[in-house]
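Undergrad: Could you have a look at this structure, given as structure tokens, before my questions?
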Amino acid sequence: MRKFPLQYFWMTTFILFSQISSIQADQKTVRGFRELNRFKAAEAHQAVAVDETSFYAISSREVARYDKATGKQLANWTGPKDSHIRHLNSGIVTGGKLYCAHSNWPKSPLKNTIEVFKPESLEHLETLTFPETAGAINWVDHRQGKWWVCYAFYGPLENVRKTRIVRYAENWQPEAEWTFPDSVVKRFLPNSNSGGAFGPNGLLYATGHDHAEVYVLRIPDTPGILEHVETLSAPITGQGIAWDQSDIGTFFGIVRRSKEVVKLRLTHSAEFSALRDRIQWKREAKNPILPPRTAGNFDSTRCMNPWVVRQNDQYRLFYAGGDDRSQHRIGMATAKVDAITEWNRSGPLFEKGMSGAFDARWCVLPHAIRMADDRWHLYYTGNSGQGTGLSSFPGIGLATSVDGKNWSRFSTQPVLPRSNEPGSPDAIGVAGGSVLKIKRSDGTSQWRFYYTGCPTTGKPHLLNQQKTICLAVSQDGIHWEKQGVIMLRDPERDYENVGVAGPVVLQREDGSFQMWYSAIGTRWGYYCICYAESDDGIHWTRGIQSGDNLQLTPTGSGWESQMVEYPSVIREGKRLRLFYCGNGYGRTGIGTAVSVEPDQKN
């Protein structure tokens with residue numbers, strides 16, 4: 001295994017967020033890949049596949065399984081001499097099986113199969129045969145309950161143009177097909193499409209056989225020609241590629257000449273630039289200012305997820321309270337701005353859902369915002385009481401109010417549900433964040449919802465706690481269109497190398513953006529509060545050095561010694577006020593802090 005210095009990580013282009021046609025991105029931002037590791041693998045001749053623990057190096061007649069962390073070989077398989085297997089082309093791991101695309105190319109007549117293996121031992125399980133004899137099967141993928149297979153054609157331009165992707169139903173019945181645009185076909189020459197895999201935001205990433213490029217494509221709703229979105233430079237030489245569905249934003253390829261498997265991460269050139277603002281915080285001496293109350297109250301065991309709104313000289317602090325039975329509902333506390341420790345509480349504002357509902361067990365992570373003079377929205381995260389870990393959070397619900405005090409549920413269904421699509425940033429769950437109205441360059445406005453996506457579940461800390469920051473947009477605050485992931489964990493910063501969550505976004509007067517978010521990493525094993533900046537609200541800067549964006553950490557031996565999390569930030573003149581939680585996800589209550597310039601003493 002080899003690790004590369006940061007200056008070698010930048011590659012020229014990548015699409016992290018190409019679906020957002022309605023949002024004007026900063027054209028100066030250079031999109032690219034960040035190289036993380038290289039592993040020697042003698043079988044890295046045709047392709048690589050990947051799952052939660054391993055990567056699989058694939059050659060024409062060999063497959064080898066390697067430990068994803070160390071690069072140690074764990075198992076291997078070689079096709080018997082009398083086997084029909086002659087030219088394995090790519091592989092994916094899905095549904096507990098390894099599927100490898102195979103053809104006998106360049107022999108004639110062509111015979112296409114998909115070879116199925118047991119991932120752990122690489123025992124060959126079965127052969128799926130295809131009647132197609134025109135075009136060699138070069139890759140297979142599985143998405144949205146469909147199989148996707150590429151049939152590659154070789155030779156002159158006219159022949160390579162026949163290369164097509166066929167979508168099959170779950171039972172392998174063909175449904176539709178698409179061909180590649182000429183802008184990509186001409187880059188395939190003198191060969192054809194070699195690898196393909198769907199990325200975390202639903203776009204297709206494809207490679208040829210020769211160039212160090214990845215072609216990003218959108219699948220049109222109707223059969224026809226794929227849409228070429230962007231070409232990305234990458235330190236691989238085409239061939240079979242794979243997205244790591246257990247680590248969103250991580251991409252694997254090979255370098256055939258050196259027999260290496262390359263691990264990459266989506267990034268952009270501004271992600272590790274200098275931050276514009278240096279913000280430090282002075283904690284309130286009387287913290288926690290809103291601790292849990294006595295038994296019998298709806299907030300007797302936990303006060304968490306603060307969200308503050310200012311009305312004249314009064315704060316309205318929305319929060320989630322836990323009762324004696326560990327049921328969580330949303331309440332509100334009010335205090336004078338100049339009396340930050342004196343709160344009057346009311347709640348719950350509404351009851352949790354009925355049995356079987358998305359919010360049957362908990363209503364947490366409130367976010368209240370005034371949408372119009374006579375309309376307030378309160379977005380909240382539901383816990384269904386079903387599933388394990390983050391999969392018990394299936395969606396974000398909505399309550400409405402005329403005055404911001406009296407609330408009623410908008411629907412029994414979430415307005416922002418999880419995707420249920422493996423490999424997507426909110427595959428198994430969604431949780432709260434923040435909503436704001438922004439003005440676009442054409443003079444129109446748009447609601448943005450920065451929210452938490454939960455992609456995985458499992459016993460390892462990375463699978464159990466991995467979270468992403470995603471974006472959805474809306475014109476009415478009710479119907480939301482997901483735009484995909486905008487921030488990933490940083491594997492090289494030990495305070496946010498597991499997950500990033502709970503984004504709180506403010507827009508400056510000059511139109512740029514600030515974000516505070518909860519980050520979880522191996523340094524503490526629990527949350528800290530971090531900071532990021534953006535010109536467009538899509539591409540976020542986290543500072544040059546590790547620690548630059550670290551703002552509030554666990555401290556002392558008291559109420560916030562274990563963790564600090566769930567920030568809510570409000571401007572107070574030239575200063576900012578932060579509300580946040582302490583140990584046990586709010587079991588010790590809610591505290592506050594104010595911003596202090598680094599050169600000020602108080």
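Identifiers in the structure tokens: chain A, B, ... in order shown; residue index from 1 per chain; ligand index from 1 in order shown.
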Using only C-alpha atoms, what does the table of segment 225-254 of chain A residues within 12 Å of segment 488-496 of chain A look like, with each row giving the shortest atom pair and its distance in Å to one decimal, sorted by chain and ascending number, as JSON lines?
TA:
```
{"residue": "A:Asp247", "atom": "CA", "partner": "A:Arg489", "partner_atom": "CA", "distance": 9.2}
{"residue": "A:Ile248", "atom": "CA", "partner": "A:Leu488", "partner_atom": "CA", "distance": 7.4}
{"residue": "A:Gly249", "atom": "CA", "partner": "A:Leu488", "partner_atom": "CA", "distance": 7.1}
{"residue": "A:Thr250", "atom": "CA", "partner": "A:Leu488", "partner_atom": "CA", "distance": 9.7}
```
Undergrad: Using only C-alpha atoms, which residues sit within 6 Å of segment 326-337 of chain A once same-chain residues fewer than 3 positions away are excluded, as JSON, numbers by chain?
TA: {"A": [313, 314, 315, 316, 317, 318, 319, 320, 321, 322, 323, 340, 342, 343, 344, 345, 346, 347, 348, 349, 362, 363]}
Undergrad: Do you have the atom CA of Ser194 of chain A-atom CA of Val485 of chain A distance handy?
TA: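 Interatomic distance here is 26.7 Å.
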Undergrad: Which residue gives the smallest distance to Glu52 of chain A among A:Trp243, A:Phe198, A:Trp105, A:Trp147, with only C-alpha atoms counted?
TA: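 Looking only at the distances to Glu52 of chain A, the closest residue turns out to be A:Trp243.
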Undergrad: Segment 69-79 of chain A: which residues within 8 Å, counting only C-alpha atoms, same-chain residues fewer than 4 positions away excluded, as a list in words?
TA: Met1, Phe39, Lys40, Thr53, Ser54, Arg61, Glu62, Val63, Ala64, Arg65, Ser83, Ile85, Glu120, Ser121, Leu122 and Glu123 of chain A
Undergrad: Residues near segment 107-114 of chain A, anyone? I mean within 6 Å using only C-alpha atoms, not counting same-chain ones fewer than 4 positions away, as a list in words.
TA: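 Selected residues are Cys100, Ala101, His102, Ser103, Thr127, Leu128, Thr129, Phe130, Thr133 and Ile137 of chain A.
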Undergrad: Counting only C-alpha atoms, which residues of segment 138-202 of chain A sit at most 10 Å from some atom of segment 411-430 of chain A, and what is each one's closest atom pair with its distance in Å to one decimal, listed by chain and rising residue number, as a tab-separated table?
TA:
```
residue	atom	partner	partner_atom	distance
A:His142	CA	A:Pro422	CA	9.4
A:Arg143	CA	A:Glu421	CA	7.3
A:Gln144	CA	A:Glu421	CA	6.3
A:Gly145	CA	A:Glu421	CA	8.7
A:Phe198	CA	A:Gly423	CA	8.6
A:Gly199	CA	A:Gly423	CA	7.5
A:Pro200	CA	A:Ser424	CA	4.6
A:Asn201	CA	A:Ser424	CA	6.3
A:Gly202	CA	A:Ser424	CA	7.5
```
Undergrad: List every residue of segment 25-216 of chain A that DSSP, applied to the backbone, labels as strand (DSSP E or B), and write the result as number ranges by chain.
TA: A: 31-40, 47-50, 54-58, 62-67, 73-78, 88-94, 97-103, 112-117, 124-130, 136-143, 146-152, 164-168, 174-179, 195-198, 204-207, 213-216
Undergrad: Can you tell me how far atom CA of Ser568 of chain A sits from atom CA of Val435 of chain A, in Å to one decimal?
TA: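 Answer for the atom CA of Ser568 of chain A to atom CA of Val435 of chain A separation: 12.0 Å.
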Undergrad: Restricting the calculation to only C-alpha atoms, which member of A:Tyr566, A:Leu462, A:Gly477, A:Phe117 is positioned closest to Gly521 of chain A?
TA: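 Result for the nearest residue to Gly521 of chain A: A:Leu462.
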Undergrad: Quick check, in Å to one decimal: how far apart do atom CA of Glu597 of chain A and atom CA of Lys574 of chain A lie?
TA: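 Between these atoms lies a distance of 10.1 Å.
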Undergrad: Find, counting only C-alpha atoms, the residue in A:Ser445, A:Leu506, A:Ser434, A:Gly556 that gets nearest to Ala472 of chain A.
TA: A:Ser434
Undergrad: For Gln545 of chain A, work out the shell of residues within 12 Å, counting only C-alpha atoms and skipping chain neighbours fewer than 5 positions away, then give it as an mmCIF file with all heavy atoms, in the first residue's frame.
TA:
```cif
data_model
loop_
_atom_site.group_PDB
_atom_site.id
_atom_site.type_symbol
_atom_site.label_atom_id
_atom_site.label_comp_id
_atom_site.auth_asym_id
_atom_site.auth_seq_id
_atom_site.Cartn_x
_atom_site.Cartn_y
_atom_site.Cartn_z
ATOM 1 N N LEU A 6 -0.434 15.305 -0.579
ATOM 2 C CA LEU A 6 -1.620 16.045 -0.983
ATOM 3 C C LEU A 6 -1.457 16.706 -2.344
ATOM 4 O O LEU A 6 -2.399 16.777 -3.122
ATOM 5 C CB LEU A 6 -1.940 17.106 0.076
ATOM 6 C CG LEU A 6 -3.205 17.920 -0.144
ATOM 7 C CD1 LEU A 6 -4.421 16.997 -0.128
ATOM 8 C CD2 LEU A 6 -3.352 18.989 0.927
ATOM 9 N N GLU A 271 -11.948 22.579 -1.696
ATOM 10 C CA GLU A 271 -12.311 21.931 -0.432
ATOM 11 C C GLU A 271 -11.272 22.177 0.655
ATOM 12 O O GLU A 271 -11.618 22.331 1.828
ATOM 13 C CB GLU A 271 -12.490 20.422 -0.640
ATOM 14 C CG GLU A 271 -12.971 19.736 0.627
ATOM 15 C CD GLU A 271 -13.367 18.286 0.413
ATOM 16 O OE1 GLU A 271 -13.070 17.745 -0.673
ATOM 17 O OE2 GLU A 271 -13.969 17.700 1.329
ATOM 18 N N PHE A 272 -10.012 22.224 0.305
ATOM 19 C CA PHE A 272 -8.961 22.401 1.296
ATOM 20 C C PHE A 272 -8.212 23.714 1.097
ATOM 21 O O PHE A 272 -7.000 23.784 1.218
ATOM 22 C CB PHE A 272 -8.024 21.197 1.280
ATOM 23 C CG PHE A 272 -8.758 19.908 1.537
ATOM 24 C CD1 PHE A 272 -9.013 19.013 0.512
ATOM 25 C CD2 PHE A 272 -9.240 19.609 2.804
ATOM 26 C CE1 PHE A 272 -9.712 17.845 0.736
ATOM 27 C CE2 PHE A 272 -9.939 18.440 3.043
ATOM 28 C CZ PHE A 272 -10.175 17.559 2.008
ATOM 29 N N SER A 273 -8.977 24.763 0.788
ATOM 30 C CA SER A 273 -8.435 26.115 0.695
ATOM 31 C C SER A 273 -8.543 26.806 2.051
ATOM 32 O O SER A 273 -9.158 26.297 2.989
ATOM 33 C CB SER A 273 -9.192 26.920 -0.365
ATOM 34 O OG SER A 273 -9.121 26.299 -1.630
ATOM 35 N N ALA A 274 -7.959 28.006 2.136
ATOM 36 C CA ALA A 274 -8.005 28.761 3.394
ATOM 37 C C ALA A 274 -9.420 29.253 3.665
ATOM 38 O O ALA A 274 -10.135 29.683 2.758
ATOM 39 C CB ALA A 274 -7.047 29.944 3.321
ATOM 40 N N LEU A 275 -9.822 29.190 4.913
ATOM 41 C CA LEU A 275 -11.116 29.715 5.333
ATOM 42 C C LEU A 275 -11.053 31.227 5.451
ATOM 43 O O LEU A 275 -10.035 31.789 5.878
ATOM 44 C CB LEU A 275 -11.529 29.103 6.673
ATOM 45 C CG LEU A 275 -11.878 27.611 6.639
ATOM 46 C CD1 LEU A 275 -11.924 27.041 8.054
ATOM 47 C CD2 LEU A 275 -13.195 27.384 5.919
ATOM 48 N N ASP A 490 -14.216 13.277 5.811
ATOM 49 C CA ASP A 490 -12.836 13.437 5.366
ATOM 50 C C ASP A 490 -12.003 12.336 6.020
ATOM 51 O O ASP A 490 -11.744 12.382 7.222
ATOM 52 C CB ASP A 490 -12.279 14.805 5.757
ATOM 53 C CG ASP A 490 -10.867 15.022 5.236
ATOM 54 O OD1 ASP A 490 -10.272 14.065 4.697
ATOM 55 O OD2 ASP A 490 -10.344 16.148 5.382
ATOM 56 N N GLU A 492 -9.013 11.756 6.206
ATOM 57 C CA GLU A 492 -7.699 12.124 6.731
ATOM 58 C C GLU A 492 -7.757 13.105 7.900
ATOM 59 O O GLU A 492 -6.715 13.553 8.373
ATOM 60 C CB GLU A 492 -6.834 12.683 5.602
ATOM 61 C CG GLU A 492 -6.567 11.637 4.528
ATOM 62 C CD GLU A 492 -5.523 12.060 3.533
ATOM 63 O OE1 GLU A 492 -5.559 13.228 3.103
ATOM 64 O OE2 GLU A 492 -4.678 11.234 3.191
ATOM 65 N N ARG A 493 -8.959 13.449 8.362
ATOM 66 C CA ARG A 493 -9.091 14.283 9.555
ATOM 67 C C ARG A 493 -9.808 13.449 10.612
ATOM 68 O O ARG A 493 -10.973 13.092 10.434
ATOM 69 C CB ARG A 493 -9.853 15.570 9.242
ATOM 70 C CG ARG A 493 -9.120 16.428 8.228
ATOM 71 C CD ARG A 493 -9.735 17.798 8.050
ATOM 72 N NE ARG A 493 -8.996 18.554 7.042
ATOM 73 C CZ ARG A 493 -9.145 19.849 6.798
ATOM 74 N NH1 ARG A 493 -10.052 20.547 7.490
ATOM 75 N NH2 ARG A 493 -8.431 20.466 5.879
ATOM 76 N N LEU A 550 -12.204 23.009 12.830
ATOM 77 C CA LEU A 550 -12.679 22.451 14.090
ATOM 78 C C LEU A 550 -12.994 23.598 15.041
ATOM 79 O O LEU A 550 -12.118 24.380 15.391
ATOM 80 C CB LEU A 550 -11.608 21.539 14.680
ATOM 81 C CG LEU A 550 -11.932 20.730 15.919
ATOM 82 C CD1 LEU A 550 -13.154 19.844 15.684
ATOM 83 C CD2 LEU A 550 -10.727 19.882 16.303
#
```
Undergrad: Need to verify the contact set: Asp535 of chain A, 8 Å, only C-alpha atoms, exclusion of same-chain residues closer than 3 positions in sequence. Can you return it as a ChimeraX atom specification?
TA: /A:26,511-513,538-540
Undergrad: Could those residues be written to a file, using N, CA, C and O atoms, as an mmCIF file, in the first residue's frame?
TA:
```cif
data_model
loop_
_atom_site.group_PDB
_atom_site.id
_atom_site.type_symbol
_atom_site.label_atom_id
_atom_site.label_comp_id
_atom_site.auth_asym_id
_atom_site.auth_seq_id
_atom_site.Cartn_x
_atom_site.Cartn_y
_atom_site.Cartn_z
ATOM 1 N N ASP A 26 -19.986 27.802 -8.967
ATOM 2 C CA ASP A 26 -18.807 28.643 -9.136
ATOM 3 C C ASP A 26 -17.926 28.034 -10.225
ATOM 4 O O ASP A 26 -17.355 26.972 -10.054
ATOM 5 N N GLY A 511 -23.822 37.130 -0.369
ATOM 6 C CA GLY A 511 -24.335 35.977 -1.092
ATOM 7 C C GLY A 511 -23.599 34.686 -0.821
ATOM 8 O O GLY A 511 -24.065 33.608 -1.229
ATOM 9 N N SER A 512 -22.454 34.719 -0.160
ATOM 10 C CA SER A 512 -21.722 33.501 0.157
ATOM 11 C C SER A 512 -22.340 32.818 1.381
ATOM 12 O O SER A 512 -23.232 33.369 2.029
ATOM 13 N N PHE A 513 -21.841 31.640 1.697
ATOM 14 C CA PHE A 513 -22.496 30.803 2.696
ATOM 15 C C PHE A 513 -21.525 30.358 3.788
ATOM 16 O O PHE A 513 -20.329 30.195 3.556
ATOM 17 N N ILE A 538 -22.684 24.958 -2.666
ATOM 18 C CA ILE A 538 -22.553 23.594 -3.186
ATOM 19 C C ILE A 538 -21.150 23.044 -2.915
ATOM 20 O O ILE A 538 -20.988 21.950 -2.408
ATOM 21 N N HIS A 539 -20.143 23.824 -3.269
ATOM 22 C CA HIS A 539 -18.751 23.408 -3.079
ATOM 23 C C HIS A 539 -18.233 24.067 -1.796
ATOM 24 O O HIS A 539 -18.130 25.285 -1.721
ATOM 25 N N TRP A 540 -17.865 23.250 -0.828
ATOM 26 C CA TRP A 540 -17.560 23.747 0.510
ATOM 27 C C TRP A 540 -16.079 23.643 0.828
ATOM 28 O O TRP A 540 -15.428 22.653 0.501
#
```
